[in-house]
Structures are given as structure tokens and as C-alpha cells.
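Just final.cif here, mmCIF, C-alpha atoms:
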```
data_structure
#
loop_
_atom_site.label_atom_id
_atom_site.label_comp_id
_atom_site.auth_asym_id
_atom_site.auth_seq_id
_atom_site.Cartn_x
_atom_site.Cartn_y
_atom_site.Cartn_z
CA MET I 89 114.79 123.80 106.69
CA ARG I 90 117.53 126.28 105.89
CA CYS I 91 120.68 125.84 103.87
CA PRO I 92 123.68 126.23 106.21
CA TYR I 93 125.75 127.79 103.40
CA CYS I 94 123.44 130.44 101.91
CA ALA I 95 120.58 130.60 104.52
CA LYS I 96 117.90 129.98 101.89
CA LYS I 97 114.68 128.74 103.41
CA ILE I 98 113.46 125.46 101.94
CA ASN I 99 109.82 124.42 102.31
CA GLU I 100 109.86 120.63 102.58
CA ALA I 101 106.08 120.33 102.16
CA LYS I 102 106.25 121.92 98.70
CA LEU I 103 109.21 119.75 97.69
CA GLU I 104 107.56 116.57 98.90
CA SER I 105 104.29 117.41 97.14
CA LYS I 106 106.14 117.66 93.81
CA GLN I 107 108.18 114.47 94.19
CA ILE I 108 108.38 112.23 97.24
CA SER I 109 111.97 111.80 98.43
CA LEU I 110 111.55 108.30 99.85
CA ALA I 111 109.50 106.50 97.22
CA ALA I 112 108.42 103.03 98.29
CA GLU I 113 109.10 100.47 95.61
CA GLN I 114 107.34 97.14 95.34
CA GLY I 115 107.81 95.19 98.53
CA ASN I 116 110.34 97.58 100.10
CA VAL I 117 109.60 98.99 103.52
CA ILE I 118 110.79 102.52 104.27
CA ASP I 119 112.33 103.21 107.64
CA PRO I 120 110.32 106.08 109.18
CA ASN I 121 113.46 107.35 110.94
CA ALA I 122 115.47 107.64 107.72
CA GLU I 123 117.23 110.98 107.30
CA VAL I 124 116.24 112.92 104.18
CA ASP I 125 118.71 115.27 102.52
CA TYR I 126 117.66 118.03 100.15
CA VAL I 127 119.74 119.91 97.60
CA CYS I 128 119.71 123.70 97.93
CA PRO I 129 118.40 125.26 94.71
CA ARG I 130 120.55 128.37 95.25
CA CYS I 131 124.01 126.98 96.07
CA GLY I 132 123.74 123.22 95.44
CA HIS I 133 124.86 122.03 98.90
CA LEU I 134 123.07 119.27 100.78
CA ILE I 135 120.60 120.36 103.45
CA HIS I 136 119.93 118.03 106.35
CA ALA I 137 118.64 118.09 109.89
CA ASN I 138 120.85 118.08 113.00
CA LEU I 139 123.42 120.66 111.98
CA SER I 140 126.89 120.49 113.47
CA GLU I 141 128.51 123.42 115.29
CA GLU I 142 130.52 124.35 112.19
CA GLU I 143 127.38 124.33 110.04
CA MET I 144 125.59 126.52 112.58
CA LYS I 145 128.43 129.06 112.34
CA SER I 146 128.21 128.93 108.56
CA LEU I 147 124.44 129.46 108.75
CA SER I 148 124.94 132.44 111.07
CA GLN I 149 127.46 133.98 108.66
CA ALA I 150 125.10 133.42 105.74
CA ALA I 151 122.23 134.99 107.70
CA HIS I 152 124.35 138.06 108.49
CA ALA I 153 125.23 138.37 104.80
CA GLN I 154 121.55 138.07 103.95
CA VAL I 155 120.76 140.92 106.37
CA GLN I 156 123.28 143.10 104.52
CA ARG I 157 121.72 142.21 101.16
CA ALA I 158 118.29 143.00 102.59
CA ASN I 159 119.56 146.37 103.86
CA ASN I 160 120.86 147.10 100.36
CA ASP I 161 117.51 146.16 98.82
CA LEU I 162 115.70 148.34 101.36
CA ALA I 163 118.00 151.29 100.65
CA LYS I 164 117.62 150.87 96.87
CA GLY I 165 113.86 150.67 97.27
CA LEU I 166 113.59 153.77 99.44
CA GLY I 167 115.90 155.72 97.10
CA THR I 168 113.88 154.71 94.04
CA LEU I 169 110.65 155.52 95.86
CA SER I 170 111.88 159.01 96.77
CA ILE I 171 113.00 159.70 93.18
CA GLY I 172 109.58 158.53 91.99
CA ALA I 173 107.86 160.84 94.47
CA ILE I 174 109.99 163.78 93.29
CA CYS I 175 109.07 163.00 89.67
CA LEU I 176 105.36 162.81 90.58
CA ILE I 177 105.47 166.14 92.41
CA THR I 178 107.30 167.76 89.49
CA SER I 179 104.77 166.30 87.06
CA PHE I 180 101.96 167.84 89.12
CA ILE I 181 103.67 171.23 88.81
CA PHE I 182 103.86 170.79 85.03
CA TYR I 183 100.19 169.74 85.04
CA LEU I 184 99.32 173.06 86.67
CA LEU I 185 101.52 174.87 84.13
CA ALA I 186 99.64 173.14 81.29
CA LYS I 187 96.44 174.88 82.40
CA LYS I 188 96.90 178.08 80.42
CA PRO I 189 95.25 181.35 81.50
CA SER I 190 94.71 182.18 77.80
CA ALA I 191 92.45 179.10 77.56
CA GLN I 192 90.38 180.02 80.65
CA HIS I 193 92.56 177.77 82.85
CA ARG I 194 91.68 174.64 80.91
CA LEU I 195 94.17 171.91 80.18
CA VAL I 196 95.99 172.48 76.88
CA VAL I 197 97.23 169.17 75.49
CA ASP I 198 99.41 170.49 72.65
CA CYS I 199 101.87 172.52 74.74
CA PRO I 200 105.32 171.28 75.92
CA GLU I 201 104.30 171.49 79.58
CA PHE I 202 101.65 168.81 79.03
CA TYR I 203 104.16 166.46 77.36
CA VAL I 204 106.62 166.92 80.24
CA PHE I 205 103.76 166.27 82.67
CA VAL I 206 102.87 162.98 80.95
CA ILE I 207 106.47 161.75 80.75
CA LEU I 208 107.25 162.64 84.37
CA ALA I 209 103.96 161.14 85.61
CA ILE I 210 104.66 157.82 83.86
CA ALA I 211 108.30 157.70 84.99
CA GLY I 212 107.41 158.74 88.54
CA GLY I 213 104.64 156.17 88.80
CA ILE I 214 106.89 153.34 87.61
CA LEU I 215 109.72 154.40 89.91
CA ALA I 216 107.38 154.72 92.89
CA ILE I 217 105.90 151.25 92.34
CA VAL I 218 109.28 149.58 91.82
CA GLY I 219 110.72 151.38 94.84
CA ALA I 220 107.83 150.36 97.07
CA VAL I 221 108.13 146.71 96.02
CA LEU I 222 111.91 146.68 96.60
CA ALA I 223 111.52 148.35 99.99
CA ILE I 224 108.82 145.91 101.13
CA LEU I 225 110.79 142.87 99.97
CA GLY I 226 113.97 144.19 101.60
CA ALA I 227 112.19 144.82 104.88
CA TYR I 228 110.65 141.33 104.83
CA LYS I 229 114.00 139.65 104.09
CA LYS I 230 115.69 141.69 106.82
CA LYS I 231 113.05 140.75 109.40
CA ASP I 232 113.27 137.06 108.47
CA SER I 233 117.07 136.99 108.58
CA GLN I 234 117.23 138.86 111.89
CA ALA I 235 114.76 136.37 113.39
CA LEU I 236 117.03 133.54 112.21
CA ILE I 237 120.09 135.22 113.76
CA HIS I 238 118.15 135.74 116.99
CA ASP I 239 117.18 132.05 117.08
CA ILE I 240 120.76 130.94 116.40
CA HIS I 241 122.11 133.29 119.09
CA ASN I 242 119.59 132.03 121.67
CA GLN I 243 120.25 128.43 120.59
CA THR I 244 116.56 127.91 119.83
CA PHE I 245 117.05 127.22 116.09
CA TYR I 246 115.90 123.76 115.09
CA GLN I 247 116.38 122.36 111.60
#
```
Output the file's structure as C-alpha cells, nothing else.
Amino acid sequence: MRCPYCAKKINEAKLESKQISLAAEQGNVIDPNAEVDYVCPRCGHLIHANLSEEEMKSLSQAAHAQVQRANNDLAKGLGTLSIGAICLITSFIFYLLAKKPSAQHRLVVDCPEFYVFVILAIAGGILAIVGAVLAILGAYKKKDSQALIHDIHNQTFYQ
């Protein structure tokens, strides 16, 4: 199920495994056709099946907004990844500079070039990892939201 107001995907199986929505009390019989409403954890609206036309438009708008947020996450991730790659390349240059000819091209660990190499390598590694994670998550969110928009447009979306 998806929230028609923020397009958050809700997994009913996980919710029902934590706490059953229609708990049978002593002697009460539960109607198998009873409609179950869930509360969206993101926006607090009720989520139900059989969306009206207005709710479908709201879901489409929310999905388009989610595509924009995913594009922003993807752009932030790729930018951070490229800055991390630049830092790693620069750190490699400083690593080569730390190999002094006066020490028979061995690595000298007490020179400023080595300290710059270490700092840039750590910063570049962290930036590259964070950027890759943001880019992957952004691409996944974008693909999921575009599939939702495609289903709504083709009128094949079923809640």
C-alpha cells in the first residue's frame, strides 16, 4: 500500500506481523471483507484500499515530488563522490611526493607530504563512500517513484 499524500510505501505484512489490526476477541467473529486502514508513519494520514480519483491525483503529485527529491539525492551523491575521487587522486600524488629521492625513494613518514596524504586519503575515502551510498539510494528511489507514476498514468496501479 502507498500513502496517497506522501507516496510512502507501506508493507502490510511487516505491520501485521508486529500487531494484528483485526484482533479477534473472545466469541467475536471477524468479517473477512472488513476494510483495514493504516496510519502513515511519515505524514499521519489514513491509508486504505480503493483510492478515489482525488486521492489518485494526490498520490501522483506526491510521487512526482518524490522523484524530485530522489534526483536531488542522486545529484548530491554524485557530487560528493566526485569530490571524494578528486581527494583520493590528490592524496595519491602526495603519496608519491612522500617518497623522497634522498631516502632511496622510500616512504618518509615524518614529512608534511605524508601527513597531507593521510588526511586527504581519509577524507576522500569517507566522501567517496558517502557519495556512492547517496547516489545508489537516490537512483533506487527515483526508479521506484517513476514506476509508480507509470502505473498511475496507465491506470494499472492497485492499492
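Picked out by the PyMOL selection byres ((chain I and resi 137) around 8) when it runs on this file: Met89, Glu123, Asp125, Ile135, His136, Asn138, Leu139 and Gln247 of chain I.
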### Message
Residues within 10 Å of Asp232 in chain I, please, as a list in words. Count only C-alpha atoms; anything in the same chain fewer than 4 positions from it doesn't count.
### Response
Lys97, Ala151, Gln154, Val155, Ala158, Gly226, Ala227, Tyr228, Leu236, Ile237 and His238 of chain I
Expected file contents, prior selection, C-alpha atoms, as a tab-separated table (two decimals), in the coordinates of the input:
```tsv
chain	number	residue	atom	x	y	z
I	97	LYS	CA	114.68	128.74	103.41
I	151	ALA	CA	122.23	134.99	107.70
I	154	GLN	CA	121.55	138.07	103.95
I	155	VAL	CA	120.76	140.92	106.37
I	158	ALA	CA	118.29	143.00	102.59
I	226	GLY	CA	113.97	144.19	101.60
I	227	ALA	CA	112.19	144.82	104.88
I	228	TYR	CA	110.65	141.33	104.83
I	236	LEU	CA	117.03	133.54	112.21
I	237	ILE	CA	120.09	135.22	113.76
I	238	HIS	CA	118.15	135.74	116.99
```
Specify the axis-aligned box that encloses all atoms of range 173-179 of chain I listed in the file after padding of 6 Å on each side, stating its centre and edge lengths in Å to one decimal as lines of an AutoDock Vina configuration file.
```
center_x = 107.4
center_y = 164.3
center_z = 90.8
size_x = 17.2
size_y = 18.9
size_z = 19.4
```
### Query
If we count only C-alpha atoms, what is near Lys96 in chain I at a cut-off of 12 Å, once residues fewer than 6 positions away on the same chain are taken out, given as a list in words?
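Non-adjacent residues within range: Met89, Arg90, Val127, Cys128, Pro129, Arg130, Cys131, Gly132, His133, Leu134, Ile135, Leu147, Ser148, Ala150, Ala151, Ala153, Gln154, Lys229, Asp232, Ser233 and Leu236 of chain I.
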### Task
Find the spatial neighbours of range 183-185 of chain I, counting only C-alpha atoms, within a cut-off of 9 Å - ignore same-chain residues fewer than 2 positions away - and output them as a ChimeraX atom specification.
/I:178-181,187-188,195,201-202,204-206
